[in-house]
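Next comes structure_8.cif, with mmCIF, C-alpha atoms.
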```
data_final
#
loop_
_atom_site.label_atom_id
_atom_site.label_comp_id
_atom_site.auth_asym_id
_atom_site.auth_seq_id
_atom_site.Cartn_x
_atom_site.Cartn_y
_atom_site.Cartn_z
CA MET A 1300 -10.37 -172.40 13.32
CA ILE A 1301 -9.10 -170.09 16.07
CA LYS A 1302 -7.41 -167.02 14.60
CA THR A 1303 -7.94 -164.44 17.35
CA VAL A 1304 -7.07 -164.66 21.05
CA ILE A 1305 -8.45 -162.17 23.57
CA PHE A 1306 -7.10 -162.06 27.12
CA ASP A 1307 -8.42 -160.90 30.45
CA LEU A 1308 -5.91 -158.79 32.39
CA GLY A 1309 -6.12 -159.06 36.20
CA GLY A 1310 -5.42 -162.60 37.40
CA THR A 1311 -4.60 -163.73 33.87
CA LEU A 1312 -1.63 -161.67 32.70
CA ILE A 1313 -1.01 -159.43 35.71
CA GLU A 1314 -1.81 -160.31 39.31
CA TYR A 1315 -3.11 -157.40 41.36
CA ALA A 1316 -4.52 -159.24 44.38
CA GLY A 1317 -1.18 -160.37 45.80
CA GLU A 1318 -1.53 -161.87 49.26
CA PHE A 1319 -4.78 -160.09 50.11
CA ASP A 1320 -7.37 -162.47 51.53
CA THR A 1321 -10.47 -160.54 50.50
CA TRP A 1322 -11.61 -158.02 47.96
CA PRO A 1323 -11.83 -155.01 48.26
CA GLU A 1324 -9.00 -155.29 50.81
CA LEU A 1325 -6.52 -154.98 47.94
CA GLU A 1326 -7.76 -151.40 47.43
CA GLN A 1327 -6.42 -150.27 50.81
CA PRO A 1328 -3.11 -148.88 49.49
CA GLY A 1329 -5.08 -146.83 47.00
CA LEU A 1330 -7.39 -145.46 49.67
CA ASP A 1331 -4.41 -144.50 51.82
CA ALA A 1332 -2.73 -142.69 48.92
CA ALA A 1333 -5.91 -140.82 48.00
CA VAL A 1334 -6.57 -139.80 51.60
CA ALA A 1335 -3.04 -138.39 51.82
CA VAL A 1336 -3.69 -136.16 48.81
CA LEU A 1337 -7.06 -135.03 50.15
CA ASN A 1338 -5.60 -134.25 53.57
CA GLU A 1339 -2.81 -132.22 51.99
CA SER A 1340 -5.42 -130.20 50.09
CA GLY A 1341 -6.90 -129.01 53.39
CA LEU A 1342 -10.09 -131.04 53.40
CA LYS A 1343 -11.42 -132.01 56.79
CA LEU A 1344 -11.71 -135.78 56.54
CA PRO A 1345 -13.09 -138.16 59.16
CA ARG A 1346 -10.85 -140.67 60.85
CA PRO A 1347 -9.19 -143.14 58.42
CA LYS A 1348 -11.20 -146.06 59.77
CA ARG A 1349 -14.48 -144.30 59.02
CA PHE A 1350 -13.30 -143.41 55.51
CA GLN A 1351 -12.28 -147.02 54.93
CA THR A 1352 -15.57 -148.40 56.23
CA ALA A 1353 -17.59 -146.12 53.97
CA ALA A 1354 -15.44 -146.99 50.96
CA PHE A 1355 -15.66 -150.74 51.50
CA GLU A 1356 -19.44 -150.54 51.89
CA ILE A 1357 -19.81 -148.60 48.64
CA LEU A 1358 -17.34 -150.39 46.36
CA PRO A 1359 -18.88 -153.89 46.14
CA ARG A 1360 -22.32 -152.42 45.47
CA ARG A 1361 -21.01 -150.07 42.80
CA TRP A 1362 -18.98 -152.88 41.20
CA ALA A 1363 -22.12 -155.01 40.97
CA GLN A 1364 -23.99 -152.13 39.34
CA ALA A 1365 -21.23 -151.71 36.77
CA THR A 1366 -20.95 -155.37 35.84
CA THR A 1367 -24.71 -155.67 35.45
CA GLY A 1368 -24.77 -152.68 33.11
CA LYS A 1369 -26.64 -150.31 35.42
CA GLN A 1370 -24.02 -147.62 35.98
CA ASN A 1371 -20.37 -147.09 35.08
CA LEU A 1372 -17.70 -147.13 37.80
CA THR A 1373 -14.52 -145.07 37.79
CA THR A 1374 -11.98 -144.37 40.52
CA THR A 1375 -12.86 -140.68 40.42
CA GLY A 1376 -16.56 -141.42 40.71
CA PHE A 1377 -15.94 -143.84 43.55
CA LEU A 1378 -13.89 -141.34 45.56
CA THR A 1379 -16.50 -138.63 44.93
CA GLU A 1380 -19.25 -140.92 46.23
CA VAL A 1381 -17.27 -141.77 49.36
CA LEU A 1382 -16.73 -138.08 50.10
CA SER A 1383 -20.40 -137.30 49.50
CA THR A 1384 -21.48 -140.13 51.79
CA LEU A 1385 -19.24 -138.74 54.52
CA GLU A 1386 -20.57 -135.22 53.85
CA VAL A 1387 -17.12 -133.94 52.96
CA GLN A 1388 -16.77 -131.10 50.47
CA ILE A 1389 -15.82 -132.34 47.00
CA PRO A 1390 -12.38 -130.89 46.15
CA ASP A 1391 -11.47 -129.03 42.98
CA GLU A 1392 -10.98 -131.01 39.78
CA ARG A 1393 -7.18 -130.89 39.96
CA THR A 1394 -7.06 -132.29 43.50
CA LEU A 1395 -9.56 -135.02 42.69
CA ALA A 1396 -7.58 -135.99 39.59
CA LEU A 1397 -4.38 -136.22 41.64
CA ALA A 1398 -6.10 -138.32 44.32
CA THR A 1399 -7.34 -140.64 41.57
CA GLU A 1400 -3.90 -140.92 39.99
CA ARG A 1401 -2.22 -141.67 43.34
CA TYR A 1402 -4.93 -144.21 44.23
CA GLU A 1403 -4.44 -146.17 41.02
CA ALA A 1404 -0.66 -145.93 41.10
CA ALA A 1405 -0.50 -147.21 44.69
CA VAL A 1406 -2.47 -150.36 43.90
CA CYS A 1407 -0.73 -150.96 40.57
CA ALA A 1408 2.67 -150.67 42.27
CA GLY A 1409 1.99 -153.97 44.02
CA ALA A 1410 1.15 -155.83 40.81
CA VAL A 1411 3.29 -158.68 39.50
CA ALA A 1412 3.38 -160.36 36.12
CA VAL A 1413 1.79 -163.80 35.87
CA PRO A 1414 4.54 -166.29 34.93
CA HIS A 1415 5.12 -166.90 31.21
CA GLY A 1416 2.73 -164.16 30.08
CA GLN A 1417 5.24 -162.26 27.96
CA ALA A 1418 6.60 -165.46 26.42
CA ILE A 1419 3.18 -166.78 25.40
CA LEU A 1420 2.14 -163.44 23.89
CA GLU A 1421 5.34 -163.39 21.86
CA GLN A 1422 4.73 -166.98 20.73
CA LEU A 1423 1.10 -166.41 19.76
CA SER A 1424 1.96 -163.23 17.91
CA ALA A 1425 4.74 -165.01 16.00
CA ASP A 1426 2.29 -167.82 15.16
CA GLY A 1427 -0.01 -165.31 13.48
CA TYR A 1428 -2.79 -164.96 16.04
CA ARG A 1429 -4.37 -161.53 16.41
CA LEU A 1430 -4.40 -160.50 20.06
CA GLY A 1431 -6.79 -158.39 22.11
CA LEU A 1432 -7.44 -157.62 25.78
CA ILE A 1433 -10.54 -156.86 27.87
CA SER A 1434 -10.25 -155.77 31.49
CA ASN A 1435 -13.01 -155.16 34.02
CA THR A 1436 -11.57 -152.24 35.96
CA MET A 1437 -12.59 -148.96 37.49
CA TYR A 1438 -9.07 -147.66 36.83
CA SER A 1439 -8.17 -145.63 33.77
CA GLY A 1440 -6.77 -147.45 30.78
CA GLN A 1441 -3.71 -145.23 31.09
CA ALA A 1442 -2.91 -146.71 34.52
CA HIS A 1443 -3.09 -150.26 33.18
CA MET A 1444 -1.14 -149.40 30.03
CA LEU A 1445 1.74 -148.41 32.31
CA ASP A 1446 1.52 -151.89 33.88
CA LEU A 1447 1.46 -153.60 30.49
CA GLU A 1448 4.50 -151.67 29.33
CA ARG A 1449 6.33 -152.29 32.61
CA PHE A 1450 5.98 -156.04 32.13
CA GLY A 1451 6.66 -156.00 28.39
CA LEU A 1452 3.13 -157.00 27.40
CA GLY A 1453 1.58 -153.99 25.70
CA GLN A 1454 3.28 -154.29 22.34
CA TYR A 1455 1.45 -157.49 21.37
CA PHE A 1456 -2.16 -156.23 21.45
CA GLU A 1457 -4.01 -154.78 18.49
CA SER A 1458 -7.10 -153.92 20.56
CA LEU A 1459 -7.45 -153.14 24.26
CA LEU A 1460 -10.60 -152.34 26.22
CA PHE A 1461 -10.67 -151.09 29.80
CA SER A 1462 -14.24 -151.14 31.04
CA ALA A 1463 -14.38 -147.85 32.93
CA ASP A 1464 -13.09 -145.91 29.90
CA VAL A 1465 -16.01 -146.97 27.70
CA ASN A 1466 -18.65 -148.21 30.20
CA LYS A 1467 -18.59 -151.75 28.78
CA TRP A 1468 -18.23 -154.47 31.40
CA LYS A 1469 -17.99 -158.24 31.36
CA PRO A 1470 -20.03 -160.48 31.47
CA ASN A 1471 -22.19 -158.30 29.16
CA ARG A 1472 -21.73 -158.87 25.43
CA ALA A 1473 -20.66 -155.30 24.67
CA PRO A 1474 -16.95 -155.49 25.54
CA PHE A 1475 -16.50 -158.79 23.70
CA THR A 1476 -18.22 -157.60 20.53
CA HIS A 1477 -16.36 -154.28 20.72
CA VAL A 1478 -12.92 -155.89 20.68
CA MET A 1479 -13.87 -158.52 18.11
CA ALA A 1480 -15.08 -155.74 15.81
CA GLU A 1481 -11.79 -153.86 16.19
CA LEU A 1482 -9.90 -157.07 15.37
CA ARG A 1483 -12.26 -157.86 12.48
CA ALA A 1484 -12.90 -161.24 14.11
CA THR A 1485 -15.93 -163.48 14.45
CA PRO A 1486 -16.98 -165.41 17.59
CA GLU A 1487 -16.43 -168.70 15.76
CA THR A 1488 -12.74 -167.89 15.18
CA THR A 1489 -12.06 -166.21 18.54
CA VAL A 1490 -11.12 -167.60 21.95
CA PHE A 1491 -11.22 -165.69 25.23
CA ILE A 1492 -8.86 -166.53 28.11
CA GLY A 1493 -9.67 -165.45 31.66
CA ASP A 1494 -9.66 -166.53 35.29
CA ASP A 1495 -13.18 -165.52 36.40
CA PRO A 1496 -15.83 -168.19 35.66
CA GLY A 1497 -18.59 -165.59 35.76
CA ALA A 1498 -17.25 -162.52 34.01
CA ASP A 1499 -14.90 -164.36 31.67
CA VAL A 1500 -16.20 -167.85 30.95
CA ILE A 1501 -19.94 -167.16 31.08
CA GLY A 1502 -19.49 -163.74 29.51
CA ALA A 1503 -17.42 -164.91 26.55
CA ARG A 1504 -19.67 -167.92 26.03
CA GLY A 1505 -22.65 -165.59 25.94
CA ALA A 1506 -20.92 -163.65 23.17
CA GLY A 1507 -20.58 -166.88 21.18
CA MET A 1508 -16.83 -167.21 21.65
CA HIS A 1509 -14.65 -170.18 22.47
CA VAL A 1510 -13.32 -169.99 26.04
CA ILE A 1511 -10.26 -171.17 27.95
CA HIS A 1512 -10.53 -170.92 31.73
CA PHE A 1513 -7.21 -169.94 33.31
CA GLN A 1514 -7.24 -171.30 36.87
CA SER A 1515 -4.73 -168.94 38.43
CA SER A 1516 -6.27 -168.91 41.92
CA ASP A 1517 -9.06 -170.22 44.12
CA ARG A 1518 -10.66 -166.82 44.68
CA PHE A 1519 -13.69 -167.51 42.50
CA PRO A 1520 -16.42 -169.99 43.40
CA ALA A 1521 -17.10 -172.82 40.97
CA SER A 1522 -20.07 -172.34 38.65
CA SER A 1523 -21.98 -175.07 36.87
CA ALA A 1524 -23.00 -172.45 34.29
CA ALA A 1525 -19.37 -171.86 33.34
CA THR A 1526 -18.44 -174.38 30.66
CA PRO A 1527 -15.12 -173.58 28.99
CA ASP A 1528 -13.73 -175.43 26.00
CA ALA A 1529 -10.50 -176.02 27.92
CA THR A 1530 -8.91 -175.31 31.30
CA THR A 1531 -5.30 -174.68 32.22
CA ASP A 1532 -3.34 -173.35 35.18
CA ASP A 1533 -0.18 -172.58 33.19
CA LEU A 1534 0.10 -169.96 30.44
CA GLN A 1535 2.88 -172.01 28.88
CA GLN A 1536 0.24 -174.55 27.83
CA LEU A 1537 -1.82 -172.11 25.76
CA GLY A 1538 0.04 -172.77 22.54
CA SER A 1539 -0.62 -176.50 22.81
CA VAL A 1540 -4.24 -175.95 23.86
CA LEU A 1541 -4.87 -173.76 20.82
CA LEU A 1542 -3.26 -176.31 18.51
CA TYR A 1543 -5.58 -178.95 19.97
CA MET A 1544 -8.63 -176.72 19.56
CA ASN A 1545 -7.63 -176.16 15.94
CA GLY A 1546 -7.52 -179.88 15.29
CA SER A 1547 -3.80 -180.52 15.65
CA ARG A 1548 -2.18 -182.90 18.10
CA PRO A 1549 0.91 -181.28 19.62
CA GLY A 1550 3.75 -183.53 20.60
#
```
Kindly return the structure encoded in the file as structure tokens.
Amino acid sequence: MIKTVIFDLGGTLIEYAGEFDTWPELEQPGLDAAVAVLNESGLKLPRPKRFQTAAFEILPRRWAQATTGKQNLTTTGFLTEVLSTLEVQIPDERTLALATERYEAAVCAGAVAVPHGQAILEQLSADGYRLGLISNTMYSGQAHMLDLERFGLGQYFESLLFSADVNKWKPNRAPFTHVMAELRATPETTVFIGDDPGADVIGARGAGMHVIHFQSSDRFPASSAATPDATTDDLQQLGSVLLYMNGSRPG
């Protein structure tokens, strides 16, 4: 019987991609904000286009390393690597921290809540489910907590994991087992809900959990290895889906 529900964040409860056609294009506002801070500090940066090109060459590779468990990825580390690649002096810790903060805030400012997220969390909480969250992100958990509070979502979770904070990334087992342990849950009584067939569906299945694939967009390619227990494109349906998975037949 399902007693615990763990959610993905981006694309499941909060949409960060907006109208961007490609990733990492959505990071552009963050790059612009960070560059502004670095310029104000007196660093001699190359032309914006060169900075952008270097960043967009580094980020997909570093993301792949993080999600395969080879090396953690943080916004600060990413910006430091871009500057090193461009042979720019690394600024003092305070400046780098401010550039990181402005980067994350600029991207998060464009985020919007996925419809019905707050309502379904309230419903599931009232129904007695224990709720957790796992997010693959190079941003600090603090940045995403501000988003969760802004959209009225943070109060419902008993356990939250942001990958860069603890170097635990989906689809590896570590983030799933971490949150289940904090919730005192077992894989047999836990379901994970996420939009990415690879990181979410395959990852949660590998951790022995039940899985609901939330089809919020077409940005991910189909995968024959991703076999969820259920699929939905509307968070309003989660209550009924969980009843069905628990052996009930909702009206």
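Here the PyMOL selection byres ((chain A and resi 1457-1464) around 8) captures the residues Asn1371, Leu1372, Thr1373, Arg1429, Leu1430, Gly1431, Leu1432, Ile1433, Ser1434, Asn1435, Thr1436, Met1437, Tyr1438, Ser1439, Gly1440, Tyr1455, Phe1456, Val1465, Asn1466, Lys1467, Trp1468, Pro1474, Val1478, Glu1481 and Leu1482 of chain A.
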Handout entry: Residues matched by the PyMOL selection byres ((chain A and resi 1406) around 9), written as a VMD selection string
Key = chain A and resid 1315 1325 to 1329 1401 to 1405 1407 to 1410
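For the file at hand, the PyMOL selection byres ((chain A and resi 1507) around 9) resolves to Thr1485, Pro1486, Glu1487, Thr1489, Gly1502, Ala1503, Arg1504, Gly1505, Ala1506, Met1508 and His1509 of chain A.
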Problem - Given only C-alpha atoms as the counted atoms, nearest of A:Phe1513, A:Phe1350, A:Tyr1543, A:Trp1362 to A:Leu1337 - result: A:Phe1350
Exercise for the section: Could you give me, as number ranges by chain, the residues within 9 Å of A:Thr1375, counting all atoms listed in the file and dropping anything in the same chain fewer than 6 positions from it? Expected result: A: 1395-1396, 1398-1400, 1437-1438
Could you give me, as a CSV table (one decimal) with C-alpha atoms, in the coordinates of the input, the residues within 10 Å of A:Met1300, counting all atoms listed in the file and dropping anything in the same chain fewer than 4 positions from it?
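Saved as around_24.csv:
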```
chain,number,residue,atom,x,y,z
A,1487,GLU,CA,-16.4,-168.7,15.8
A,1488,THR,CA,-12.7,-167.9,15.2
A,1489,THR,CA,-12.1,-166.2,18.5
A,1490,VAL,CA,-11.1,-167.6,22.0
A,1541,LEU,CA,-4.9,-173.8,20.8
A,1542,LEU,CA,-3.3,-176.3,18.5
A,1544,MET,CA,-8.6,-176.7,19.6
A,1545,ASN,CA,-7.6,-176.2,15.9
A,1546,GLY,CA,-7.5,-179.9,15.3
```
Handout entry: Selection near A:Pro1347, 10 Å with all atoms listed in the file, sequence-local residues under 3 positions removed, as a list of chain:residue names
Key = A:Leu1330, A:Asp1331, A:Val1334, A:Leu1344, A:Phe1350, A:Gln1351, A:Thr1352, A:Ala1353
Handout entry: Selected residue, from A:Gln1514, A:Lys1469, A:Gln1417, A:Arg1483, that lies nearest to A:Gln1364 when counting all atoms listed in the file
Key = A:Lys1469
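The space separating atom CA of A:Leu1312 from atom CA of A:Asp1528 comes to 19.5 Å.
Distance check against A:Ala1363 using all atoms listed in the file: of A:Pro1470, A:Leu1382, A:Thr1394, A:Tyr1428, the minimum falls on A:Pro1470.
Computed from the coordinates, the atom CA of A:Val1336 to atom CA of A:His1443 distance equals 21.1 Å.
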Practice task
Could you tell me which of A:Ile1357, A:Leu1385, A:Leu1537, A:Ala1332 comes closest to A:Ala1418 if we count only C-alpha atoms?
Solution key: A:Leu1537
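Atom pair atom CA of A:Thr1526 / atom CA of A:Val1500: separated by 6.9 Å.
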Completion exercise
Residue with the minimum atom-to-atom distance to A:Arg1349, picked from A:Ala1480, A:Val1381, A:Ile1313, A:Val1413 with only C-alpha atoms counted, is A:Val1381
Handout entry: Nearest candidate to A:Asp1446 (options A:Thr1384, A:Asn1471, A:Asp1426, A:Glu1314; using all atoms listed in the file)
Key = A:Glu1314
Handout entry: Contacts of A:Asp1494 at 8 Å (all atoms listed in the file; same-chain gap of 5+ positions) as a PyMOL selection string
Key = chain A and resi 1307+1310-1311+1499-1500+1512-1516
